[in-house]
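Below is target-v6.pdb, holding PDB, C-alpha atoms.
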ATOM      1  CA  MET P  17      33.867   2.329  68.028
ATOM      2  CA  SER P  18      35.215  -1.144  68.429
ATOM      3  CA  LEU P  19      38.235  -2.385  66.499
ATOM      4  CA  GLU P  20      35.957  -4.589  64.418
ATOM      5  CA  GLU P  21      33.784  -1.598  63.483
ATOM      6  CA  ILE P  22      36.894   0.385  62.545
ATOM      7  CA  LYS P  23      38.164  -2.457  60.363
ATOM      8  CA  LYS P  24      34.788  -2.878  58.689
ATOM      9  CA  GLU P  25      34.580   0.822  57.898
ATOM     10  CA  ALA P  26      38.173   0.839  56.610
ATOM     11  CA  LYS P  27      37.351  -1.929  54.144
ATOM     12  CA  GLN P  28      34.209  -0.205  52.838
ATOM     13  CA  CYS P  29      35.922   2.622  51.000
ATOM     14  CA  LYS P  30      39.369   3.337  49.635
ATOM     15  CA  PHE P  31      40.881   6.779  50.037
ATOM     16  CA  ASP P  32      43.219   7.450  47.119
ATOM     17  CA  ASP P  33      44.482  10.819  48.291
ATOM     18  CA  VAL P  34      45.984  12.007  51.562
ATOM     19  CA  LYS P  35      43.515  14.882  51.972
ATOM     20  CA  SER P  36      40.481  12.564  51.922
ATOM     21  CA  LEU P  37      42.196  10.109  54.244
ATOM     22  CA  SER P  38      43.107  12.951  56.591
ATOM     23  CA  LEU P  39      39.487  14.145  56.672
ATOM     24  CA  LYS P  40      38.309  10.620  57.515
ATOM     25  CA  ILE P  41      40.858  10.260  60.303
ATOM     26  CA  THR P  42      39.812  13.662  61.667
ATOM     27  CA  GLU P  43      36.208  12.438  61.658
ATOM     28  CA  LEU P  44      37.165   9.250  63.508
ATOM     29  CA  LYS P  45      39.291  11.187  65.997
ATOM     30  CA  ASN P  46      36.384  13.570  66.667
ATOM     31  CA  LYS P  47      34.198  10.515  67.364
ATOM     32  CA  GLY P  48      36.664   9.504  70.081
ATOM     33  CA  VAL P  49      38.663   6.895  68.177
ATOM     34  CA  SER P  50      42.142   6.578  69.676
ATOM     35  CA  PHE P  51      45.385   7.050  67.778
ATOM     36  CA  LEU P  52      45.819   3.275  67.652
ATOM     37  CA  GLY P  53      42.316   2.894  66.231
ATOM     38  CA  CYS P  54      43.125   5.464  63.564
ATOM     39  CA  VAL P  55      46.360   3.622  62.726
ATOM     40  CA  ALA P  56      44.364   0.399  62.355
ATOM     41  CA  PHE P  57      41.972   2.185  59.998
ATOM     42  CA  VAL P  58      44.839   3.525  57.874
ATOM     43  CA  GLN P  59      46.597   0.147  57.809
ATOM     44  CA  ILE P  60      43.549  -1.683  56.515
ATOM     45  CA  ASN P  61      42.275   1.085  54.266
ATOM     46  CA  GLN P  62      45.617   1.609  52.558
ATOM     47  CA  ASN P  63      46.689  -2.067  52.735
ATOM     48  CA  ILE P  64      50.077  -1.206  54.256
ATOM     49  CA  SER P  65      52.187  -2.461  57.144
ATOM     50  CA  LEU P  66      51.564  -1.377  60.716
ATOM     51  CA  LYS P  67      54.778   0.671  60.737
ATOM     52  CA  GLU P  68      53.835   2.413  57.490
ATOM     53  CA  ALA P  69      50.344   3.097  58.822
ATOM     54  CA  GLN P  70      51.741   4.610  62.020
ATOM     55  CA  GLU P  71      54.080   6.866  60.040
ATOM     56  CA  LEU P  72      51.366   7.889  57.552
ATOM     57  CA  THR P  73      48.848   8.598  60.314
ATOM     58  CA  LEU P  74      51.325  10.934  61.994
ATOM     59  CA  THR P  75      51.662  12.945  58.771
ATOM     60  CA  LEU P  76      47.929  13.595  58.495
ATOM     61  CA  GLU P  77      46.406  16.943  59.375
ATOM     62  CA  ALA P  78      44.113  15.252  61.892
ATOM     63  CA  TYR P  79      46.704  15.720  64.623
ATOM     64  CA  THR P  80      48.216  18.957  65.873
ATOM     65  CA  LYS P  81      51.962  19.427  66.209
ATOM     66  CA  ASP P  82      51.679  19.005  69.991
ATOM     67  CA  GLU P  83      49.595  15.841  69.660
ATOM     68  CA  LYS P  84      52.085  14.378  67.201
ATOM     69  CA  LYS P  85      54.964  15.152  69.557
ATOM     70  CA  ARG P  86      53.149  13.531  72.496
ATOM     71  CA  ILE P  87      52.313  10.439  70.420
ATOM     72  CA  GLU P  88      55.886  10.091  69.150
ATOM     73  CA  GLU P  89      57.228  10.415  72.709
ATOM     74  CA  GLY P  90      54.818   7.726  73.892
ATOM     75  CA  ILE P  91      55.896   5.398  71.100
ATOM     76  CA  GLU P  92      59.552   5.977  71.987
ATOM     77  CA  VAL P  93      58.900   5.165  75.666
ATOM     78  CA  MET P  94      57.109   1.947  74.729
ATOM     79  CA  LEU P  95      59.911   0.900  72.386
ATOM     80  CA  ASN P  96      62.543   1.607  75.035
ATOM     81  CA  ASP P  97      60.587  -0.397  77.620
ATOM     82  CA  PHE P  98      60.323  -3.258  75.172
ATOM     83  CA  LYS P  99      64.053  -3.190  74.431
ATOM     84  CA  GLU P 100      64.890  -3.210  78.144
ATOM     85  CA  GLU P 101      62.825  -6.355  78.669
ATOM     86  CA  GLU P 102      64.776  -8.305  76.041
TER
END

Take the structure from the file and write it as C-alpha cells.
Amino acid sequence: MSLEEIKKEAKQCKFDDVKSLSLKITELKNKGVSFLGCVAFVQINQNISLKEAQELTLTLEAYTKDEKKRIEEGIEVMLNDFKEEE
C-alpha cells in the first residue's frame, strides 16, 4: 500500500477503541504495511501528533514484545544519529 492509500483508508473510518484500532493495524501489518505506515494510519485516524501516534502504535497488540523492542532500538539509533549531526 502506498502512503496515500494508507491515509485515505485512515480517513474513511474512526476507531474509537484501542481493540478495534489494534485489529486494523494487525490487518495492515499482515498486508505488509511497515511500522511507519501503521504509525501514519494511527496519526491520521486518531488525529494525533506523530509522536503520540508512534507511542500508541507501540502499545497495540499488533506487535510482539520482540518486534516492539527492535522498533524502539531502531528509533533510538536514528535519534542518536540525528543528535550527532547537529

* What is the distance, in Å and to one decimal place, between atom CA of Ser36 of chain P and atom CA of Glu77 of chain P? ->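 Separating atom CA of Ser36 of chain P from atom CA of Glu77 of chain P is a distance of 10.5 Å.
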
* Long-range neighbours of Thr42 of chain P as a list in words, 12 Å cut-off, only C-alpha atoms, 5 positions minimum in chain -> Val34, Lys35, Ser36, Leu37, Lys47, Gly48, Val49, Ser50, Phe51, Gly53, Cys54, Phe57, Val58, Thr73, Leu74, Leu76, Glu77, Ala78, Tyr79 and Thr80 of chain P

* Asked: From the list P:Lys99, P:Lys84, P:Lys45, P:Lys23, which residue is nearest Gln62 of chain P when using all atoms listed in the file?
  ->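 Residue with the minimum atom-to-atom distance to Gln62 of chain P: P:Lys23.
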
* Option closest in space to Ile87 of chain P, from P:Ile41, P:Leu66, P:Val55, P:Leu19 [counting only C-alpha atoms] ->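 Smallest distance to Ile87 of chain P is found for P:Val55.
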
* To do: Record the distance separating atom CA of Ala56 of chain P and atom CA of Asp82 of chain P, expressed in Å with one decimal.
  =>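 Rounded to one decimal, the two atoms are 21.4 Å apart.
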
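Atom CA of Asn61 of chain P sits 7.2 Å away from atom CA of Phe31 of chain P.
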
Padding 8 Å on every side, please: axis-aligned box over the listed atoms of segment 74-93 of chain P, centre and edge lengths to one decimal in Å, as lines of an AutoDock Vina configuration file.
center_x = 51.8
center_y = 12.3
center_z = 67.1
size_x = 31.4
size_y = 30.3
size_z = 33.2

* **Pick from P:Gln70, P:Gln59, P:Ser38, P:Ser65, whichever lies nearest to Ile22 of chain P using only C-alpha atoms** =>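 Going through P:Gln70, P:Gln59, P:Ser38, P:Ser65 one by one, the smallest distance to Ile22 of chain P is for P:Gln59.
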
* Asked: Which of these, P:Met17, P:Asn63, P:Glu43, P:Thr75, has the shortest distance to Lys30 of chain P once you count only C-alpha atoms?
  -> P:Asn63

* Asked: Nearest to Gly90 of chain P among P:Leu39, P:Leu52, P:Cys29, P:Leu44, with distances taken over only C-alpha atoms: which residue is it?
  -> P:Leu52

* Asked: Of the candidates P:Glu71, P:Ile60, P:Arg86, P:Lys40, which shows the shortest atom-to-atom distance to Ala26 of chain P, using all atoms listed in the file?
  ->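 The answer is P:Ile60, which sits nearest to Ala26 of chain P.
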